[in-house]
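Next comes upload-v2.txt, with compact mmCIF, C-alpha atoms.
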```txt
# COMPACT_ATOMS: atom_id res chain seq x y z
CA MET A 1 8.64 65.02 -1.04
CA THR A 2 8.51 62.23 1.56
CA ARG A 3 5.04 60.92 2.27
CA ALA A 4 3.91 61.15 5.87
CA LEU A 5 4.08 57.84 7.74
CA ASN A 6 2.40 56.45 10.85
CA LYS A 7 -0.78 58.49 10.57
CA LEU A 8 -2.93 56.04 12.53
CA THR A 9 -2.95 55.09 16.19
CA ALA A 10 -3.79 51.71 17.74
CA VAL A 11 -6.95 53.22 19.27
CA GLU A 12 -8.08 54.54 15.91
CA VAL A 13 -7.59 51.14 14.29
CA LYS A 14 -10.21 49.74 16.67
CA SER A 15 -12.58 52.73 16.71
CA LYS A 16 -12.64 53.88 13.09
CA ALA A 17 -15.92 53.66 11.22
CA PRO A 18 -16.20 51.47 8.09
CA GLY A 19 -14.04 52.85 5.32
CA LYS A 20 -10.47 53.09 4.00
CA TYR A 21 -7.76 54.93 5.97
CA SER A 22 -4.16 55.62 5.02
CA ASP A 23 -1.32 55.09 7.49
CA GLY A 24 1.16 56.49 4.97
CA GLY A 25 3.73 54.90 2.73
CA GLY A 26 1.06 52.92 0.87
CA LEU A 27 -0.25 51.13 3.99
CA TRP A 28 -4.03 51.23 4.21
CA LEU A 29 -6.60 50.06 6.73
CA HIS A 30 -9.85 48.77 5.25
CA LYS A 31 -12.51 48.71 7.98
CA ARG A 32 -15.68 46.62 7.55
CA GLU A 33 -19.23 47.05 8.79
CA ASP A 34 -18.79 44.21 11.33
CA GLY A 35 -15.89 46.03 13.01
CA GLY A 36 -13.21 43.87 11.49
CA GLY A 37 -10.60 45.08 9.08
CA GLN A 38 -7.76 44.26 6.74
CA TRP A 39 -4.30 45.70 6.18
CA VAL A 40 -3.51 46.42 2.52
CA LEU A 41 -0.23 47.62 1.04
CA ARG A 42 -0.29 49.58 -2.21
CA VAL A 43 2.93 49.60 -4.23
CA THR A 44 3.85 50.48 -7.78
CA ILE A 45 6.06 47.97 -9.58
CA HIS A 46 7.01 48.11 -13.28
CA GLY A 47 4.48 50.88 -13.78
CA ARG A 48 1.60 48.86 -12.31
CA ARG A 49 -0.14 49.52 -9.02
CA ARG A 50 -0.44 46.39 -6.90
CA GLU A 51 -2.50 45.84 -3.76
CA MET A 52 -1.14 43.28 -1.34
CA GLY A 53 -3.09 41.96 1.65
CA LEU A 54 -1.04 41.83 4.83
CA GLY A 55 -3.60 40.21 7.13
CA GLY A 56 -6.53 41.07 9.34
CA ILE A 57 -6.40 43.50 12.27
CA SER A 58 -7.39 40.69 14.65
CA GLU A 59 -4.12 38.86 13.89
CA ILE A 60 -1.79 41.68 12.75
CA SER A 61 -1.24 44.67 15.02
CA LEU A 62 -0.58 48.19 13.73
CA LYS A 63 3.10 47.82 14.63
CA ASP A 64 3.42 44.48 12.81
CA ALA A 65 1.56 45.83 9.79
CA ARG A 66 4.07 48.70 9.51
CA THR A 67 6.99 46.25 9.76
CA LYS A 68 5.55 44.05 7.02
CA ALA A 69 4.80 47.05 4.87
CA GLU A 70 8.40 48.26 5.10
CA GLN A 71 9.69 44.78 4.23
CA TRP A 72 7.61 44.56 1.06
CA ARG A 73 8.28 48.20 0.08
CA ASN A 74 11.98 47.37 0.09
CA THR A 75 11.26 44.38 -2.14
CA ALA A 76 9.44 46.63 -4.59
CA ARG A 77 12.29 49.15 -4.54
CA ASN A 78 14.58 46.35 -5.71
CA GLY A 79 12.39 45.84 -8.76
CA VAL A 80 10.70 42.65 -7.51
CA ASP A 81 6.94 42.22 -7.42
CA PRO A 82 6.23 41.66 -3.69
CA ILE A 83 3.10 39.58 -4.36
CA LYS A 84 4.96 37.18 -6.65
CA GLU A 85 7.92 37.08 -4.28
CA ARG A 86 5.68 36.15 -1.36
CA GLU A 87 4.15 33.32 -3.39
CA ARG A 88 7.61 32.10 -4.33
CA LEU A 89 8.71 32.05 -0.71
CA ARG A 90 5.56 30.19 0.26
CA ARG A 91 6.26 27.52 -2.34
CA VAL A 92 9.82 27.13 -1.11
CA ALA A 93 8.65 26.86 2.49
CA ALA A 94 5.96 24.32 1.58
CA ARG A 95 8.45 22.30 -0.44
CA ASN A 96 10.93 22.16 2.40
CA MET A 97 8.33 21.38 5.06
CA HIS A 98 6.51 18.46 3.41
CA LEU A 99 6.29 15.77 6.07
CA LEU A 100 7.14 12.16 5.28
CA LYS A 101 3.67 10.98 6.27
CA ASP A 102 2.11 13.26 3.65
CA ILE A 103 4.58 12.17 0.98
CA ALA A 104 3.98 8.50 1.87
CA GLU A 105 0.21 8.88 1.55
CA ASP A 106 0.57 10.69 -1.78
CA ALA A 107 2.98 8.05 -3.08
CA PHE A 108 0.52 5.33 -2.07
CA GLU A 109 -2.35 7.09 -3.85
CA SER A 110 -0.21 7.37 -6.99
CA ARG A 111 0.54 3.64 -6.99
CA LYS A 112 -2.88 2.22 -6.11
CA ALA A 113 -3.64 1.35 -9.71
CA GLU A 114 -0.52 -0.87 -9.81
CA LEU A 115 -1.49 -2.79 -6.66
CA LYS A 116 -3.89 -5.68 -6.19
CA GLY A 117 -7.36 -4.46 -5.38
CA ASP A 118 -6.06 -0.87 -5.40
CA GLY A 119 -3.98 -1.69 -2.32
CA LEU A 120 -7.01 -2.16 -0.09
CA ALA A 121 -5.41 -5.13 1.67
CA GLY A 122 -2.86 -2.68 3.06
CA ARG A 123 0.21 -4.80 2.40
CA TRP A 124 2.01 -2.06 0.46
CA PHE A 125 1.49 0.64 3.06
CA SER A 126 1.69 -1.44 6.26
CA PRO A 127 5.52 -1.66 6.45
CA LEU A 128 5.60 2.14 6.40
CA ALA A 129 2.71 2.51 8.83
CA LEU A 130 4.16 0.04 11.32
CA HIS A 131 7.90 0.66 11.18
CA ILE A 132 8.68 4.02 9.53
CA LEU A 133 5.94 6.59 10.08
CA PRO A 134 5.66 6.24 13.90
CA LYS A 135 9.24 7.56 14.17
CA LEU A 136 9.77 9.60 11.01
CA GLY A 137 6.26 10.49 9.85
CA LYS A 138 6.35 14.04 11.22
CA VAL A 139 9.86 14.78 9.93
CA PRO A 140 10.16 16.99 6.81
CA VAL A 141 11.20 14.66 4.04
CA ALA A 142 14.09 16.95 3.07
CA GLU A 143 15.62 16.46 6.52
CA ILE A 144 15.63 12.64 6.52
CA ASP A 145 19.12 11.17 6.28
CA GLN A 146 20.74 7.74 6.57
CA THR A 147 21.21 7.93 10.33
CA ASP A 148 17.48 8.59 10.81
CA ILE A 149 16.67 5.55 8.70
CA ARG A 150 19.28 3.40 10.43
CA ASP A 151 17.96 4.26 13.89
CA CYS A 152 14.41 3.59 12.72
CA LEU A 153 15.02 0.13 11.25
CA ALA A 154 17.90 -1.14 13.40
CA PRO A 155 15.56 -2.91 15.90
CA ILE A 156 14.12 -5.19 13.16
CA TRP A 157 16.94 -5.22 10.59
CA HIS A 158 18.07 -8.75 11.54
CA SER A 159 15.17 -10.13 13.58
CA LYS A 160 12.52 -9.28 10.95
CA ALA A 161 14.69 -9.07 7.88
CA GLU A 162 12.00 -9.38 5.22
CA THR A 163 9.75 -6.83 6.92
CA ALA A 164 12.69 -4.44 7.28
CA ARG A 165 13.60 -4.92 3.62
CA LYS A 166 10.06 -4.06 2.54
CA ALA A 167 9.98 -1.00 4.82
CA MET A 168 13.29 0.20 3.35
CA ASN A 169 12.01 -0.36 -0.17
CA ARG A 170 8.79 1.57 0.46
CA LEU A 171 10.72 4.43 2.06
CA GLY A 172 12.97 4.62 -1.00
CA ILE A 173 9.88 4.92 -3.20
CA CYS A 174 8.59 7.73 -0.99
CA LEU A 175 11.87 9.62 -1.27
CA LYS A 176 11.78 9.28 -5.07
CA HIS A 177 8.19 10.50 -5.02
CA GLY A 178 9.27 13.52 -2.99
CA ALA A 179 12.04 14.27 -5.47
CA ALA A 180 9.52 14.09 -8.33
CA LEU A 181 7.48 16.73 -6.49
CA GLY A 182 10.50 19.00 -6.49
CA LEU A 183 11.57 18.43 -2.89
CA ASP A 184 15.21 18.55 -1.90
CA VAL A 185 15.62 14.95 -0.71
CA ASP A 186 18.62 12.65 -0.46
CA LEU A 187 17.86 9.86 -2.93
CA GLN A 188 20.87 7.89 -1.67
CA ALA A 189 19.71 7.94 1.96
CA THR A 190 18.32 4.38 1.91
CA GLU A 191 21.47 2.93 0.31
CA LYS A 192 23.63 4.76 2.83
CA ALA A 193 21.43 3.43 5.63
CA LYS A 194 21.90 -0.12 4.36
CA ALA A 195 25.66 0.41 4.53
CA LEU A 196 25.34 1.54 8.15
CA LEU A 197 23.04 -1.35 9.07
CA GLY A 198 25.20 -4.03 7.47
CA ARG A 199 24.31 -7.28 5.72
CA GLN A 200 21.21 -8.96 7.14
CA ARG A 201 21.90 -12.20 9.01
CA HIS A 202 18.39 -13.57 8.72
CA LYS A 203 17.79 -16.03 5.89
CA ALA A 204 14.34 -16.44 4.42
CA GLN A 205 12.74 -19.80 5.16
CA ASN A 206 10.25 -21.63 3.04
CA VAL A 207 6.75 -22.07 4.40
CA PRO A 208 6.57 -25.51 6.09
CA ALA A 209 4.70 -27.97 3.88
CA LEU A 210 2.99 -31.26 4.58
CA PRO A 211 4.55 -34.20 2.67
CA TRP A 212 2.23 -35.16 -0.17
CA GLN A 213 1.91 -38.67 1.27
CA GLU A 214 0.30 -37.23 4.42
CA VAL A 215 -2.15 -34.87 2.70
CA PRO A 216 -4.99 -37.45 2.40
CA ALA A 217 -5.09 -37.99 6.17
CA PHE A 218 -5.26 -34.27 6.88
CA TYR A 219 -7.88 -33.78 4.18
CA ASP A 220 -9.98 -36.55 5.71
CA SER A 221 -9.83 -34.78 9.09
CA LEU A 222 -11.48 -31.69 7.59
CA ASN A 223 -14.92 -33.25 7.82
CA GLU A 224 -17.00 -30.84 9.90
CA GLY A 225 -18.38 -28.81 6.98
CA THR A 226 -17.40 -25.48 8.55
CA ILE A 227 -16.25 -22.54 6.44
CA THR A 228 -12.65 -23.06 7.60
CA HIS A 229 -12.68 -26.80 6.85
CA LEU A 230 -14.24 -26.24 3.42
CA ALA A 231 -11.76 -23.46 2.61
CA LEU A 232 -8.80 -25.66 3.50
CA ARG A 233 -10.22 -28.54 1.47
CA LEU A 234 -10.61 -26.36 -1.62
CA LEU A 235 -7.17 -24.84 -1.05
CA ILE A 236 -5.66 -28.34 -1.12
CA LEU A 237 -7.68 -29.47 -4.14
CA THR A 238 -6.90 -26.44 -6.32
CA GLY A 239 -3.32 -25.57 -5.33
CA VAL A 240 -4.09 -21.83 -5.39
CA ARG A 241 -2.78 -19.23 -2.98
CA SER A 242 -4.75 -18.31 0.10
CA ALA A 243 -5.83 -14.79 -0.96
CA PRO A 244 -7.75 -15.60 -4.18
CA LEU A 245 -9.43 -18.52 -2.41
CA ARG A 246 -10.47 -16.47 0.62
CA PHE A 247 -11.88 -13.75 -1.65
CA MET A 248 -13.55 -16.26 -3.97
CA ARG A 249 -16.99 -15.14 -5.20
CA GLU A 250 -19.90 -17.14 -6.58
CA GLU A 251 -19.91 -15.30 -9.90
CA GLN A 252 -16.33 -16.45 -10.57
CA ILE A 253 -17.51 -20.07 -10.90
CA GLU A 254 -18.99 -21.39 -14.12
CA GLY A 255 -19.42 -25.13 -14.38
CA ASP A 256 -16.11 -26.82 -13.65
CA ILE A 257 -14.07 -23.64 -14.15
CA TRP A 258 -13.16 -21.07 -11.50
CA THR A 259 -11.83 -17.85 -13.05
CA ILE A 260 -9.58 -15.80 -10.78
CA PRO A 261 -9.33 -12.12 -11.83
CA GLY A 262 -5.86 -11.20 -13.06
CA GLU A 263 -5.36 -8.50 -10.42
CA ALA A 264 -5.79 -11.13 -7.70
CA MET A 265 -2.92 -13.26 -9.02
CA LYS A 266 0.40 -12.65 -7.29
CA GLY A 267 3.41 -11.89 -9.47
CA ARG A 268 1.44 -11.15 -12.65
CA LYS A 269 2.29 -7.73 -14.05
CA ASP A 270 -0.32 -8.19 -16.75
CA THR A 271 -3.32 -7.70 -14.48
CA THR A 272 -5.73 -8.13 -17.41
CA ALA A 273 -4.92 -11.85 -17.69
CA ASP A 274 -7.39 -13.89 -15.69
CA PHE A 275 -6.41 -17.35 -14.48
CA ARG A 276 -8.67 -20.36 -15.06
CA VAL A 277 -8.66 -23.11 -12.44
CA PRO A 278 -10.13 -26.49 -13.46
CA LEU A 279 -12.35 -27.91 -10.73
CA SER A 280 -12.34 -31.63 -10.07
CA VAL A 281 -15.57 -33.37 -9.12
CA GLU A 282 -14.46 -33.32 -5.48
CA ALA A 283 -13.72 -29.58 -5.69
CA GLN A 284 -17.15 -28.93 -7.15
CA GLU A 285 -18.76 -30.82 -4.26
CA VAL A 286 -16.82 -28.71 -1.76
CA ILE A 287 -17.95 -25.54 -3.54
CA ALA A 288 -21.58 -26.75 -3.46
CA GLN A 289 -21.30 -27.12 0.33
CA ALA A 290 -19.64 -23.71 0.66
CA GLN A 291 -22.37 -22.01 -1.37
CA ARG A 292 -24.87 -22.86 1.37
CA LEU A 293 -22.75 -20.80 3.78
CA ALA A 294 -21.96 -17.96 1.36
CA ARG A 295 -22.87 -14.37 2.24
CA ASP A 296 -23.22 -11.43 -0.14
CA GLY A 297 -21.58 -13.49 -2.88
CA CYS A 298 -18.52 -14.29 -0.75
CA MET A 299 -17.88 -18.03 -0.66
CA PHE A 300 -15.90 -17.96 2.59
CA PRO A 301 -17.28 -15.11 4.72
CA SER A 302 -15.93 -14.20 8.14
CA VAL A 303 -18.13 -14.49 11.20
CA ARG A 304 -18.42 -10.69 11.50
CA LYS A 305 -17.66 -9.06 8.16
CA GLY A 306 -15.49 -9.57 5.12
CA VAL A 307 -13.86 -12.92 4.45
CA ILE A 308 -11.91 -15.37 6.60
CA SER A 309 -8.26 -14.56 7.18
CA ASP A 310 -5.22 -16.63 6.34
CA ALA A 311 -4.55 -16.77 10.08
CA THR A 312 -7.88 -18.55 10.61
CA MET A 313 -6.72 -21.51 8.53
CA SER A 314 -3.21 -21.39 9.99
CA ARG A 315 -4.52 -21.53 13.56
CA LEU A 316 -6.48 -24.67 12.77
CA MET A 317 -3.24 -26.38 11.73
CA GLU A 318 -1.43 -24.98 14.76
CA ARG A 319 -4.05 -26.44 17.09
CA ALA A 320 -3.45 -29.81 15.44
CA GLN A 321 0.23 -29.38 16.46
CA MET A 322 1.32 -29.27 12.83
CA GLU A 323 4.36 -27.37 11.58
CA ALA A 324 2.91 -27.14 8.07
CA ARG A 325 0.91 -24.08 7.02
CA PRO A 326 -1.84 -23.56 4.39
CA HIS A 327 0.50 -22.06 1.78
CA GLY A 328 2.63 -25.20 2.00
CA PHE A 329 -0.02 -27.29 0.24
CA ARG A 330 1.18 -25.74 -3.01
CA SER A 331 4.53 -27.40 -2.37
CA SER A 332 2.76 -30.65 -1.49
CA LEU A 333 1.00 -30.57 -4.87
CA ARG A 334 4.17 -29.67 -6.77
CA ASP A 335 6.15 -32.47 -5.12
CA TRP A 336 3.38 -34.97 -5.88
CA ILE A 337 3.40 -33.92 -9.54
CA ALA A 338 7.18 -34.26 -9.74
CA GLU A 339 7.40 -37.61 -7.94
CA THR A 340 4.35 -39.47 -9.25
CA THR A 341 3.68 -38.11 -12.74
CA ASP A 342 5.56 -37.31 -15.93
CA THR A 343 3.88 -33.91 -16.30
CA PRO A 344 5.81 -31.39 -18.46
CA HIS A 345 7.43 -28.58 -16.50
CA GLU A 346 5.33 -25.80 -18.04
CA VAL A 347 2.07 -27.62 -17.23
CA ALA A 348 3.14 -28.31 -13.65
CA GLU A 349 4.14 -24.70 -13.09
CA THR A 350 0.93 -23.40 -14.63
CA CYS A 351 -1.02 -25.53 -12.14
CA LEU A 352 0.42 -23.26 -9.45
CA GLY A 353 -0.35 -20.11 -11.40
CA HIS A 354 3.31 -19.46 -12.13
CA MET A 355 4.29 -17.58 -15.27
CA VAL A 356 6.52 -19.83 -17.37
CA GLY A 357 9.14 -18.63 -19.85
CA GLY A 358 10.15 -15.16 -20.96
CA SER A 359 7.85 -12.46 -22.27
CA VAL A 360 8.54 -13.36 -25.92
CA GLU A 361 7.85 -17.05 -25.33
CA ARG A 362 4.61 -16.24 -23.50
CA ALA A 363 3.55 -13.92 -26.32
CA TYR A 364 3.65 -16.81 -28.79
CA ARG A 365 2.30 -19.46 -26.41
CA ARG A 366 -1.40 -18.68 -26.08
CA THR A 367 -2.50 -21.83 -24.21
CA ASP A 368 -2.99 -22.15 -20.46
CA PHE A 369 -2.89 -25.99 -20.67
CA LEU A 370 -6.42 -26.16 -19.29
CA GLU A 371 -7.21 -29.69 -20.51
CA GLN A 372 -3.91 -31.12 -19.28
CA ARG A 373 -4.40 -29.41 -15.93
CA ARG A 374 -7.98 -30.65 -15.68
CA ALA A 375 -6.83 -34.27 -16.00
CA LEU A 376 -3.93 -33.70 -13.60
CA MET A 377 -6.05 -32.06 -10.92
CA ALA A 378 -8.58 -34.90 -11.18
CA ARG A 379 -5.76 -37.33 -10.38
CA TRP A 380 -4.64 -35.11 -7.49
CA ALA A 381 -8.19 -35.11 -6.12
CA LYS A 382 -8.21 -38.91 -6.18
CA HIS A 383 -4.95 -38.95 -4.22
CA VAL A 384 -6.20 -36.35 -1.74
CA THR A 385 -9.41 -38.29 -1.08
CA GLY A 386 -7.51 -41.54 -0.53
CA GLN A 387 -8.70 -43.25 -3.71
CA ASN A 388 -5.13 -44.08 -4.76
CA GLY A 389 -4.31 -46.08 -1.66
CA GLN A 390 -4.64 -46.25 2.08
CA ILE A 391 -4.87 -42.96 3.95
CA LEU A 392 -1.77 -42.42 6.09
CA GLN A 393 -2.39 -41.60 9.74
CA MET A 394 -1.21 -38.16 10.88
CA VAL A 395 1.38 -38.08 13.65
CA LYS A 396 0.85 -35.19 16.07
CA GLY A 397 3.81 -32.92 16.58
CA LYS A 398 5.54 -34.13 13.45
```

Written form, structure tokens:
Amino acid sequence: MTRALNKLTAVEVKSKAPGKYSDGGGLWLHKREDGGGQWVLRVTIHGRRREMGLGGISEISLKDARTKAEQWRNTARNGVDPIKERERLRRVAARNMHLLKDIAEDAFESRKAELKGDGLAGRWFSPLALHILPKLGKVPVAEIDQTDIRDCLAPIWHSKAETARKAMNRLGICLKHGAALGLDVDLQATEKAKALLGRQRHKAQNVPALPWQEVPAFYDSLNEGTITHLALRLLILTGVRSAPLRFMREEQIEGDIWTIPGEAMKGRKDTTADFRVPLSVEAQEVIAQAQRLARDGCMFPSVRKGVISDATMSRLMERAQMEARPHGFRSSLRDWIAETTDTPHEVAETCLGHMVGGSVERAYRRTDFLEQRRALMARWAKHVTGQNGQILQMVKGK
């Protein structure tokens, strides 16, 4: 015997007192004390009675509730649990609609532990944020193809080749992350996009460096005792990169040794290995001056908050009409070592914080050549301060 259907009217749905009312065919209206209500479908599947919520009466009309009820009754007739089927369809829809911006943020969170300072400097994510997400961030990751990527990166593919390369690399990581989540993405999309974009014309250029013979004159000009002058002086004296120096903290210094945390050292996969920097007498004097200007333990604080930027030191050199940049002093030091000393290669490279030799060789070589580097950096300090000869005069615009 066929059960009666469509027992309720739209007026009754609104006016019924609190309780449970059948519309027929397993569709029920559950009215609440506050006047609201919920549509519930009762079905029997595999001998079990199941109750499936279809939505509230404020969002789902009587007509729509009947349509939904018929849809899920048919599913049950085919031997499929409608509740499980609805969940499956939701998962499929969610998987196919994941937006690139969400995948990118999740990929970044997953990789923070691998990045310096948990990626707080933003260098990993910035190529995506600046060049990919503004155009593709709201696109479902499963829909991104090579033409989308080509159109996105074409404006900077040749003019900002290194930036474009990093953006492409990060996007590839995001696509792999999406695939690992079970999304239907094209893992070859970035390689196909590279084929469409063509070989990059731009060639990477080395950071301009000051000839080692001219370093003493520039060092001598840094005589105002400001944070920027002191930072540049210590950068020259130690040969370190800008980032660990700018983020230098008082507790990292003990006597004539500055210990840089391993995670702050570029290119070192073993982030547990700290790097010891021997401090010459001149370097210690610079640090003593900087400590009087330190704030919250930061040796080189910014005027407002945080620490000084690399651009702050670069602008000082720009204003002096110099082509050289702060990072170039590492090259100045390395050239001086090569041209004026007989320092062994591994000692010279360790002065710059470079990892020398293969993993097996490094496993057996436990020294960091601290004593040899201490003597070498003392000689470099004498050169820098003009104690090895007359200070050469800087030529503006050179």

Separation of CA of Arg201 in chain A from CA of Gly172 in chain A in Å: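 These atoms are spaced 21.5 Å apart.
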
Using only C-alpha atoms, which residues sit within 10 Å of range 127-130 of chain A once same-chain residues fewer than 6 positions away are excluded, as a ChimeraX atom specification? /A:101,104-105,136-137,163-171,174

Using all atoms listed in the file, which of A:Arg319, A:Arg123, A:Lys192, A:Arg334 sits nearest Gly239 in chain A? A:Arg334

Using Å and a single decimal, report how far CA of Lys160 in chain A sits from CA of Gln200 in chain A.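 A separation of 9.5 Å between them.
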
What is the CA of Thr385 in chain A-CA of Tyr219 in chain A distance in Å, reported with one decimal? 7.1 Å

Point out the residue among A:Asn6, A:Gln146, A:Thr75, A:Ser332 with the least atom-to-atom distance to Pro216 in chain A, counting all atoms listed in the file.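 Checking each of A:Asn6, A:Gln146, A:Thr75, A:Ser332 against Pro216 in chain A, counting all atoms listed in the file, the winner is A:Ser332.
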
Selected residue, from A:Met248, A:Pro134, A:Asp296, A:Glu282, that lies nearest to Gln387 in chain A when counting only C-alpha atoms: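 Of A:Met248, A:Pro134, A:Asp296, A:Glu282, the one nearest Gln387 in chain A is A:Glu282, counting only C-alpha atoms.
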
Find the residues of range 178-273 of chain A that sit at most 12 Å from range 77-91 of chain A; for each, write down the nearest two atoms and how far apart they are in Å, to one decimal. Count all atoms listed in the file. Sort by chain, then by number going up, and give it as JSON lines.
```
{"residue": "A:Leu181", "atom": "CA", "partner": "A:Arg91", "partner_atom": "CA", "distance": 11.6}
{"residue": "A:Gly182", "atom": "CA", "partner": "A:Arg91", "partner_atom": "CA", "distance": 10.4}
{"residue": "A:Leu183", "atom": "CA", "partner": "A:Arg91", "partner_atom": "CA", "distance": 10.5}
```

Pick from A:Val141, A:Pro211, A:Ala154, A:Ile103 nearest to His177 in chain A, counting only C-alpha atoms: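 Looking at the shortest contact to His177 in chain A, the residue is A:Ile103.
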
Please determine, counting only C-alpha atoms, which residue among A:Glu254, A:Glu214, A:Glu162, A:Glu371 has the shortest atom-to-atom distance to Trp336 in chain A.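 The answer is A:Glu214, which sits nearest to Trp336 in chain A.
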
Which of A:Glu12, A:Asp151, A:Glu33, A:Asp256 sits closest to Ala378 in chain A [using only C-alpha atoms]: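 Under the stated criterion, the closest residue is A:Asp256.
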
Distance query Asp23 in chain A at most 9 Å, all atoms listed in the file, self and fewer than 5 positions along chain excluded, as a ChimeraX atom specification: /A:4-9,28-29,66

Quick one: residues within 10 Å of Pro208 in chain A, all atoms listed in the file, excluding same-chain residues fewer than 3 positions away - as a PyMOL selection string? chain A and resi 205+211+322-329+331-332

Go ahead and save the picked residues with C-alpha atoms, as a PDB file, keeping the file's coordinate frame.
```pdb
ATOM      1  CA  GLN A 205      12.740 -19.800   5.160  1.00  0.00           C
ATOM      2  CA  PRO A 211       4.550 -34.200   2.670  1.00  0.00           C
ATOM      3  CA  MET A 322       1.320 -29.270  12.830  1.00  0.00           C
ATOM      4  CA  GLU A 323       4.360 -27.370  11.580  1.00  0.00           C
ATOM      5  CA  ALA A 324       2.910 -27.140   8.070  1.00  0.00           C
ATOM      6  CA  ARG A 325       0.910 -24.080   7.020  1.00  0.00           C
ATOM      7  CA  PRO A 326      -1.840 -23.560   4.390  1.00  0.00           C
ATOM      8  CA  HIS A 327       0.500 -22.060   1.780  1.00  0.00           C
ATOM      9  CA  GLY A 328       2.630 -25.200   2.000  1.00  0.00           C
ATOM     10  CA  PHE A 329      -0.020 -27.290   0.240  1.00  0.00           C
ATOM     11  CA  SER A 331       4.530 -27.400  -2.370  1.00  0.00           C
ATOM     12  CA  SER A 332       2.760 -30.650  -1.490  1.00  0.00           C
TER      13      SER A 332
END
```

Within 9 Å of Cys152 in chain A, counting all atoms listed in the file, which residues qualify if same-chain residues fewer than 2 places away don't, as a list in words?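 Contacts, with the query itself left out: His131, Ile132, Lys135, Leu136, Thr147, Asp148, Ile149, Arg150, Ala154, Pro155 and Ile156 of chain A.
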